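Encoded as structure tokens, the structure appears first; notes follow it.
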Amino acid sequence: MSSSLEKKRGSEPIQKHLSDTQLENADIVDDVADAPPMLTPEQEKRLWRKVDLRLMPILSLMYLLSFMDRGNIGNAKLEGLTTELHLTGNKYNIALTMFFIPYCLFECPANLVLKVVRPSRWLPGIMVLWGTVMTLMGLVKTYPQLVGARVCLGIAEAGLFPGVVYYLTLWYPRHMLQYRVGLFFGAATIAGAFSGLLAFGIGYMSGTGNLLGWSWIFILEGLMTVVAAAIAFFVLVDFPDTAKFLTTEERAFIVWKKKYDNSSVGEEERFAIRHVVAAFTDWQVWLHVLVYYSIVAPLAGITLFLPTIIATFGYSTPISQLLTVPPYVVATITLLTFAQYSDKLKLRSPFIYVCLVMLLIGYSINISNVPSGVKYFGTYFIVTGSYAAFPGVVSWLGNNLSGQYKRGVGMAFHIGIGNFSAAIASNIYRSQDSPRFILGHGLELMFVGIGLITVPVLVLLYNSVNQSRDEAERLRLERGEKLKLSVQDLRELGDRAPDFRYTL
């Protein structure tokens, strides 16, 4: 550490960061006495911008390709997939479902692997795997081969999203997280638009090399993923304390800032089985699963079936592919706007609730017997509501779980179990229900209703706990009492510690 850092060590910079309550215990102060120097707001802003420019472009590209590879089967359907592979009845829906089952099951184990294997190797490594699977999917000739390829794709992609979200929680303070998750997940909305444009262009390759358009969609987009994975091996970095693109002082500041982000004594960083048990038995994780259901079921449904829904409006295949683009453009703008203000206000629930109302409006329009132009307008509400809510849903739970392993397991469990709703959504838009898809839209409205009920319940419970802890702290200070818990006790308690406050 440089001499400038040594000069600024001591209690003065710490007191600028910590409240009187946090400082009252001498053990706590000693524990953080070697904190790095304070940065001015401008210096800190430049530091986070530096981190953003290194992390976010490559992570966003990786997720763009991930989301495009899992969802391009919807575009391939319009380019002859169902005809050539004889996907009659519910075979197409089963092929969709067989991606999500292994995807859900492997998400939680994958997050535990991330703490052992370096992110700069693990994340690009699984990207090479799913890119290869995607490319080979363009060569399948039978329905069983397609199902097998979708299963392999689900296994390979399982580690990316929960892994990256957990990875971001190790870099960014909790009230800077949603905007970064928004930037990262915004790639998914761009993927929806990009996939439609690519499918429009690739469709004209149908017949080249005796392959139909759907095969070329899989092959070319799979090859793009493999190339991007090769780049990621050289660009992606691991953790803040080993990031060579930062100076020694910058690394120390980020590590300290994150460590004491939601606790006066820092997070528990050591692995123990009790952290896994704590994640599985935490009431908030299970309630968040219900909120996740309410967003992911509509998101998966509209991602996989938007081209099919628009095709029922009477447009040709090329026009249907192009009409999928504008709703995703609107969704991207809304997502980033909501994410920025959510972090600024340090609130998650109001933005999620607005998105649920958008979904309610969009599905109510599409389930009604109205002209196709009105239904297309309704798809804007569906795409925007589902995509704009997602970063907030993921960030909200990440903000409210303390302890690195508990948060890693809890978020992976949340996402993994929650993604079973995507498996359900894969089966509710049946060909026999075309063109109104009353069953599909009706079940999506059911999921939205679950969210409209669960979000206020979560807010009330969080607020009740926060008020109880505020009152207990006030009484303790009035009596002049000190905390009877040691530093290690507070770390082990994590989000159940008396100084932890839930984000609403």
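Following the order of the structure tokens, chains are lettered A, B, ..., residues in each are numbered from 1, and ligands are numbered from 1.
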
Who sits within 12 Å of Arg348 (chain A), only C-alpha atoms, same chain under 2 positions skipped, as a PyMOL selection string: chain A and resi 174-179+338-346+350-355+388-400+455-456+458-459+502-504

Val128 (chain A) environment, 8 Å, only C-alpha atoms, sequence neighbours closer than 6 positions dropped, as an mmCIF file with N, CA, C and O atoms, in the first residue's frame:
data_model
loop_
_atom_site.group_PDB
_atom_site.id
_atom_site.type_symbol
_atom_site.label_atom_id
_atom_site.label_comp_id
_atom_site.auth_asym_id
_atom_site.auth_seq_id
_atom_site.Cartn_x
_atom_site.Cartn_y
_atom_site.Cartn_z
ATOM 1 N N THR A 225 -21.439 -17.309 -30.615
ATOM 2 C CA THR A 225 -21.240 -17.527 -29.176
ATOM 3 C C THR A 225 -19.845 -18.067 -28.883
ATOM 4 O O THR A 225 -19.180 -17.625 -27.932
ATOM 5 N N VAL A 226 -19.375 -19.017 -29.689
ATOM 6 C CA VAL A 226 -18.047 -19.597 -29.479
ATOM 7 C C VAL A 226 -16.964 -18.528 -29.649
ATOM 8 O O VAL A 226 -16.002 -18.457 -28.862
ATOM 9 N N ALA A 229 -16.970 -16.290 -26.630
ATOM 10 C CA ALA A 229 -16.389 -16.986 -25.475
ATOM 11 C C ALA A 229 -14.869 -16.915 -25.506
ATOM 12 O O ALA A 229 -14.216 -16.734 -24.469
ATOM 13 N N ALA A 230 -14.290 -17.046 -26.700
ATOM 14 C CA ALA A 230 -12.835 -16.966 -26.830
ATOM 15 C C ALA A 230 -12.336 -15.582 -26.413
ATOM 16 O O ALA A 230 -11.296 -15.453 -25.757
#

Nearby residues (only C-alpha atoms) at most 7 Å from region 191-206 of chain A, same-chain spacing under 6 positions excluded, as a PyMOL selection string: chain A and resi 64+67-68+72+75+79+212-213+216-217+318+321-322+324-325+328-329

In region 278-494 of chain A, DSSP alpha helix (DSSP H) residues written as a PyMOL selection string: chain A and resi 278-281+283-311+317-323+325-345+349-367+372-399+404-418+420-425+438-478+487-493

Interatomic distance, CA of Leu170 (chain A) to CA of Phe239 (chain A) (Å, one decimal): 7.4 Å

Spatial neighbours of Phe413 (chain A), max dist 8 Å, only C-alpha atoms, sep filter under 4 positions, as a PyMOL selection string: chain A and resi 107-108+280+409+417-418

Output file for the residues above (N, CA and C atoms, as an mmCIF file, in the first residue's frame):
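Output saved as selection.cif:
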data_model
loop_
_atom_site.group_PDB
_atom_site.id
_atom_site.type_symbol
_atom_site.label_atom_id
_atom_site.label_comp_id
_atom_site.auth_asym_id
_atom_site.auth_seq_id
_atom_site.Cartn_x
_atom_site.Cartn_y
_atom_site.Cartn_z
ATOM 1 N N GLU A 107 -28.558 -24.769 -11.686
ATOM 2 C CA GLU A 107 -28.186 -23.394 -11.361
ATOM 3 C C GLU A 107 -27.535 -23.278 -9.979
ATOM 4 N N CYS A 108 -28.122 -23.910 -8.980
ATOM 5 C CA CYS A 108 -27.586 -23.796 -7.617
ATOM 6 C C CYS A 108 -26.207 -24.440 -7.494
ATOM 7 N N PHE A 280 -31.937 -21.972 2.437
ATOM 8 C CA PHE A 280 -33.117 -22.772 2.105
ATOM 9 C C PHE A 280 -34.274 -22.549 3.088
ATOM 10 N N VAL A 409 -25.999 -19.051 -2.542
ATOM 11 C CA VAL A 409 -26.921 -20.187 -2.580
ATOM 12 C C VAL A 409 -28.361 -19.700 -2.679
ATOM 13 N N ILE A 417 -35.341 -22.402 -8.792
ATOM 14 C CA ILE A 417 -36.731 -22.822 -8.550
ATOM 15 C C ILE A 417 -37.691 -21.926 -9.316
ATOM 16 N N GLY A 418 -37.379 -20.632 -9.338
ATOM 17 C CA GLY A 418 -38.255 -19.688 -10.053
ATOM 18 C C GLY A 418 -38.357 -19.976 -11.529
#

Between CA of Leu160 (chain A) and CA of Pro119 (chain A) - distance in Å to one decimal: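 Separation between CA of Pro119 (chain A) and CA of Leu160 (chain A): 10.1 Å.
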
Using only C-alpha atoms: which of A:Ile73, A:Met127, A:Cys104, A:Ala188 has the shortest distance to Ala149 (chain A):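 Answer, going by the shortest atom-to-atom distance: A:Ile73.
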
If we count only C-alpha atoms, what is near region 435-452 of chain A at a cut-off of 7 Å, once residues fewer than 4 positions away on the same chain are taken out, given as a PDB file with C-alpha atoms, in the first residue's frame?
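The new file selection_0.pdb reads:
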ATOM      1  CA  LEU A 290     -43.331 -16.349  -5.899  1.00  0.00           C
ATOM      2  CA  VAL A 291     -42.417 -12.852  -7.098  1.00  0.00           C
ATOM      3  CA  TYR A 293     -42.687 -16.715 -10.837  1.00  0.00           C
ATOM      4  CA  SER A 294     -44.909 -13.708 -11.515  1.00  0.00           C
ATOM      5  CA  ALA A 297     -43.511 -16.899 -16.548  1.00  0.00           C
ATOM      6  CA  PRO A 298     -44.644 -13.883 -18.644  1.00  0.00           C
ATOM      7  CA  THR A 312     -51.522 -14.986 -35.964  1.00  0.00           C
ATOM      8  CA  TYR A 353     -45.308  -3.302  -8.996  1.00  0.00           C
ATOM      9  CA  LEU A 356     -46.819  -6.064 -12.857  1.00  0.00           C
ATOM     10  CA  LEU A 359     -48.345  -7.048 -17.539  1.00  0.00           C
ATOM     11  CA  LEU A 360     -51.924  -7.003 -16.278  1.00  0.00           C
ATOM     12  CA  TYR A 363     -52.430  -9.694 -21.124  1.00  0.00           C
ATOM     13  CA  ILE A 367     -56.958 -12.215 -24.098  1.00  0.00           C
ATOM     14  CA  ILE A 428     -49.320 -23.077 -22.212  1.00  0.00           C
ATOM     15  CA  TYR A 429     -49.311 -21.617 -25.727  1.00  0.00           C
TER      16      TYR A 429
END

Gap from CA of Gly301 (chain A) to CA of Ser426 (chain A) - Å, one decimal: 6.3 Å

Nearest to Met56 (chain A) by atom-to-atom distance, counting only C-alpha atoms, from A:Gly182, A:Gly131, A:Gly148, A:Pro124: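 Ranked by minimum distance to Met56 (chain A), first place goes to A:Gly182.
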
10 Å contact set for region 86-89 of chain A, only C-alpha atoms, chain neighbours under 6 positions out, as a list of chain:residue names: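 Near region 86-89 of chain A, the qualifying residues are A:Lys77, A:Gly80, A:Ala95, A:Lys141, A:Thr142, A:Tyr143, A:Arg430, A:Ser431, A:Gln432.
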
Can you write just those residues out, C-alpha atoms, as a CSV table (one decimal), in the first residue's frame?
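result31.csv, freshly written:
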chain,number,residue,atom,x,y,z
A,77,LYS,CA,-40.2,-22.2,-35.8
A,80,GLY,CA,-39.4,-24.5,-41.1
A,95,ALA,CA,-38.7,-29.4,-26.7
A,141,LYS,CA,-32.6,-34.4,-38.1
A,142,THR,CA,-35.1,-35.9,-35.7
A,143,TYR,CA,-37.3,-34.8,-32.8
A,430,ARG,CA,-50.7,-24.6,-27.7
A,431,SER,CA,-51.2,-24.7,-31.4
A,432,GLN,CA,-54.8,-25.7,-31.0
